[in-house]
Protein chains: 2
Amino acid sequence: MLNLQHFATFLIVAQRSSFTRAAAELGHSQSSVTTQIQALERELGAPLFQRTKFSKSIALTEEGRRALIYADKLLALAEETKAAVRG
Amino acid sequence: MLNLQHFATFLIVAQRSSFTRAAAELGHSQSSVTTQIQALERELGAPLFQRTKFSKSIALTEEGRRALIYADKLLALAEETKAAVRG
DNA sequence: TAAAAATACTCCATAGGTATTTTAT
DNA sequence: ATAAAATACCTATGGAGTATTTTTA
C-alpha cells in the first residue's frame, strides 16, 4: 500500500533536487530520506530519480515527473480529508 | 500523517458494519482491525464509529460518514497514481 | 450467557538515527 | 580530496498475531 509520508518526502526531494538538502529541510537524516525514496520506488515499481551522476544534483526520471503530479494531488486530498472530517 | 492502509481497512469496516466481519474479509485479526481504526480516529481527531451499543453492529458517526467519502477518493487516487507512474 | 469490541501481551517489519563506504567530480 | 548518495548497523515504534477481558443485548 502506498505511503503518504513517502510522497511528502519525495515532494521535498524533488523540489530541492537533493536528498541531503531535503533531509536538512525535513529535520531528518540523509539516510532516512534515502530509505523512504527507495521504499516509494519499490512500492511504485519504478525509479524516481537518476543516480548515475550525483555530485551536484539528482534528476527526476520520466516516472518521477509523473509521480510528482500525483504526490501533490494525494497530499492535498489528505489535507482536505482532515479538514472535512473535523468539520 | 494519514495512512492509506487505515482508510482501506476503514472502508471495509464501514461496509460490513463490523470489526469482526471486516477482519475475516481482510484475512486479519479483529484485534488488528480495531487497532487500525483507533489509529485512524487518533490521526483524524474524531471518532468514526459509535461503540455505545456494540452487540450486533456498529454505526458510523457524522465524522465517519464524511471520512467514508474521502476514503473512497483517497484510495481511488492512490490506484490512479500507481497506474499513471507505471505508464 | 453469547457475541462483539477492547485490551494485554508478544513478535516482526520498518522508520528513525549515526557512522561508514562508495562514487563522481 | 570533496561532496553526495548508498549501505551497515542499532533502537524505537507500530502492525501483525493470540489470548483474555469487558460490555451489552
# chains A, B, ... in the order shown; residues from 1 in each chain; ligands from 1

call {"tool": "residues_around", "arguments": {"residues": "Leu40 of chain B", "least_positions_apart": "6", "cutoff": "9 Å", "atoms": "only C-alpha atoms (C1' of nucleotides)", "output": "JSON, numbers by chain"}}
result
{"B": [2, 3, 6, 7, 10, 46, 47, 48]}

call {"tool": "write_last_selection", "arguments": {"atoms": "N, CA and C atoms", "output": "mmCIF file, in the first residue's frame"}}
result
data_model
loop_
_atom_site.group_PDB
_atom_site.id
_atom_site.type_symbol
_atom_site.label_atom_id
_atom_site.label_comp_id
_atom_site.auth_asym_id
_atom_site.auth_seq_id
_atom_site.Cartn_x
_atom_site.Cartn_y
_atom_site.Cartn_z
ATOM 1 N N LEU B 2 -1.617 10.886 7.682
ATOM 2 C CA LEU B 2 -2.654 9.882 7.415
ATOM 3 C C LEU B 2 -2.070 8.667 6.717
ATOM 4 N N ASN B 3 -2.700 7.527 6.950
ATOM 5 C CA ASN B 3 -2.205 6.250 6.453
ATOM 6 C C ASN B 3 -3.263 5.612 5.551
ATOM 7 N N HIS B 6 -4.962 2.425 6.640
ATOM 8 C CA HIS B 6 -6.037 2.598 7.619
ATOM 9 C C HIS B 6 -7.360 2.912 6.930
ATOM 10 N N PHE B 7 -7.299 3.721 5.872
ATOM 11 C CA PHE B 7 -8.525 4.062 5.149
ATOM 12 C C PHE B 7 -9.098 2.832 4.443
ATOM 13 N N PHE B 10 -10.760 0.908 7.094
ATOM 14 C CA PHE B 10 -11.973 1.646 7.493
ATOM 15 C C PHE B 10 -13.117 1.410 6.521
ATOM 16 N N ALA B 46 -11.104 12.465 15.529
ATOM 17 C CA ALA B 46 -12.553 12.319 15.683
ATOM 18 C C ALA B 46 -12.916 10.842 15.714
ATOM 19 N N PRO B 47 -13.970 10.493 16.477
ATOM 20 C CA PRO B 47 -14.452 9.108 16.463
ATOM 21 C C PRO B 47 -15.144 8.818 15.137
ATOM 22 N N LEU B 48 -14.972 7.624 14.624
ATOM 23 C CA LEU B 48 -15.574 7.257 13.340
ATOM 24 C C LEU B 48 -16.783 6.346 13.525
#

call {"tool": "closest_atom_pairs", "arguments": {"of": "segment 3-79 of chain A", "to": "segment 63-70 of chain B", "cutoff": "12 Å", "atoms": "only C-alpha atoms", "output": "JSON lines"}}
result
{"residue": "A:Leu74", "atom": "CA", "partner": "B:Tyr70", "partner_atom": "CA", "distance": 11.3}
{"residue": "A:Ala76", "atom": "CA", "partner": "B:Tyr70", "partner_atom": "CA", "distance": 11.8}
{"residue": "A:Leu77", "atom": "CA", "partner": "B:Tyr70", "partner_atom": "CA", "distance": 8.1}
{"residue": "A:Ala78", "atom": "CA", "partner": "B:Tyr70", "partner_atom": "CA", "distance": 8.4}
{"residue": "A:Glu79", "atom": "CA", "partner": "B:Tyr70", "partner_atom": "CA", "distance": 10.6}

call {"tool": "interface_residues", "arguments": {"of": "chain C", "to": "chain A", "cutoff": "7 Å", "atoms": "only C-alpha atoms (C1' of nucleotides)", "output": "number ranges by chain"}}
result
C: 16, 24-25

call {"tool": "write_last_selection", "arguments": {"atoms": "N, CA and C atoms (P, O5', C5', C4', C3', O3' and C1' of nucleotides)", "output": "tab-separated table (two decimals), in the first residue's frame"}}
result
chain	number	residue	atom	x	y	z
C	16	DG	P	10.86	8.47	8.98
C	16	DG	O5'	12.08	8.53	10.01
C	16	DG	C5'	11.87	9.05	11.31
C	16	DG	C4'	13.02	8.67	12.21
C	16	DG	C3'	14.41	9.09	11.74
C	16	DG	O3'	14.71	10.42	12.06
C	16	DG	C1'	14.44	6.91	12.68
C	24	DA	P	30.10	6.44	-10.59
C	24	DA	O5'	30.32	7.99	-10.82
C	24	DA	C5'	29.25	8.87	-10.49
C	24	DA	C4'	29.77	10.28	-10.30
C	24	DA	C3'	30.63	10.79	-11.46
C	24	DA	O3'	30.24	12.11	-11.71
C	24	DA	C1'	31.79	11.01	-9.44
C	25	DT	P	30.73	12.85	-13.06
C	25	DT	O5'	31.62	14.04	-12.50
C	25	DT	C5'	30.97	15.11	-11.82
C	25	DT	C4'	31.92	15.75	-10.83
C	25	DT	C3'	32.98	16.65	-11.47
C	25	DT	O3'	32.79	17.96	-10.99
C	25	DT	C1'	33.88	15.29	-9.75

call {"tool": "interface_residues", "arguments": {"of": "chain D", "to": "chain A", "cutoff": "12 Å", "atoms": "only C-alpha atoms (C1' of nucleotides)", "output": "tab-separated table (two decimals) with C-alpha atoms (C1' of nucleotides), in the first residue's frame"}}
result
chain	number	residue	atom	x	y	z
D	2	DT	C1'	35.30	16.71	-1.61
D	3	DA	C1'	30.56	16.21	-1.63
D	4	DA	C1'	26.60	13.42	-2.03
D	5	DA	C1'	24.06	9.01	-2.12
D	6	DA	C1'	24.15	4.25	-0.52
D	7	DT	C1'	24.82	0.97	2.95
D	8	DA	C1'	25.51	-1.30	7.60

call {"tool": "select_by_dssp", "arguments": {"residues": "chain A", "states": "strand (DSSP E or B)", "output": "NGL selection string"}}
result
:A and (49-50 or 59-60)

call {"tool": "closest_residue", "arguments": {"among": "B:Lys82, B:Arg42, B:Arg16, B:Arg21", "to": "chain A", "atoms": "only C-alpha atoms"}}
result
B:Lys82

call {"tool": "select_by_dssp", "arguments": {"residues": "chain B", "states": "helix (DSSP H, G or I)", "output": "JSON, numbers by chain"}}
result
{"B": [4, 5, 6, 7, 8, 9, 10, 11, 12, 13, 14, 15, 16, 19, 20, 21, 22, 23, 24, 25, 26, 30, 31, 32, 33, 34, 35, 36, 37, 38, 39, 40, 41, 42, 43, 44, 62, 63, 64, 65, 66, 67, 68, 69, 70, 71, 72, 73, 74, 75, 76, 77, 78, 79, 80, 81, 82, 83, 84, 85, 86]}

call {"tool": "atom_distance", "arguments": {"atom1": "atom CA of Ala8 of chain A", "atom2": "atom C1' of DA12 of chain D"}}
result
22.0 Å

call {"tool": "residues_around", "arguments": {"residues": "DT1 of chain C", "least_positions_apart": "2", "cutoff": "12 Å", "atoms": "only C-alpha atoms (C1' of nucleotides)", "output": "MDAnalysis selection string"}}
result
(chainID C and resid 3) or (chainID D and resid 24:25)

call {"tool": "write_last_selection", "arguments": {"atoms": "C-alpha atoms (C1' of nucleotides)", "output": "PDB file, in the first residue's frame"}}
result
ATOM      1  C1'  DA C   3     -21.314 -12.153  20.698  1.00  0.00           C
TER       2       DA C   3
ATOM      3  C1'  DT D  24     -24.460  -5.051  26.364  1.00  0.00           C
ATOM      4  C1'  DA D  25     -28.349  -7.254  24.406  1.00  0.00           C
TER       5       DA D  25
END

call {"tool": "residues_around", "arguments": {"residues": "DA13 of chain C", "least_positions_apart": "4", "cutoff": "10 Å", "atoms": "only C-alpha atoms (C1' of nucleotides)", "output": "JSON, numbers by chain"}}
result
{"D": [14, 15, 16]}

call {"tool": "closest_residue", "arguments": {"among": "B:Gln15, B:Thr9, B:Thr81, B:Gln50", "to": "chain A", "atoms": "only C-alpha atoms"}}
result
B:Thr81
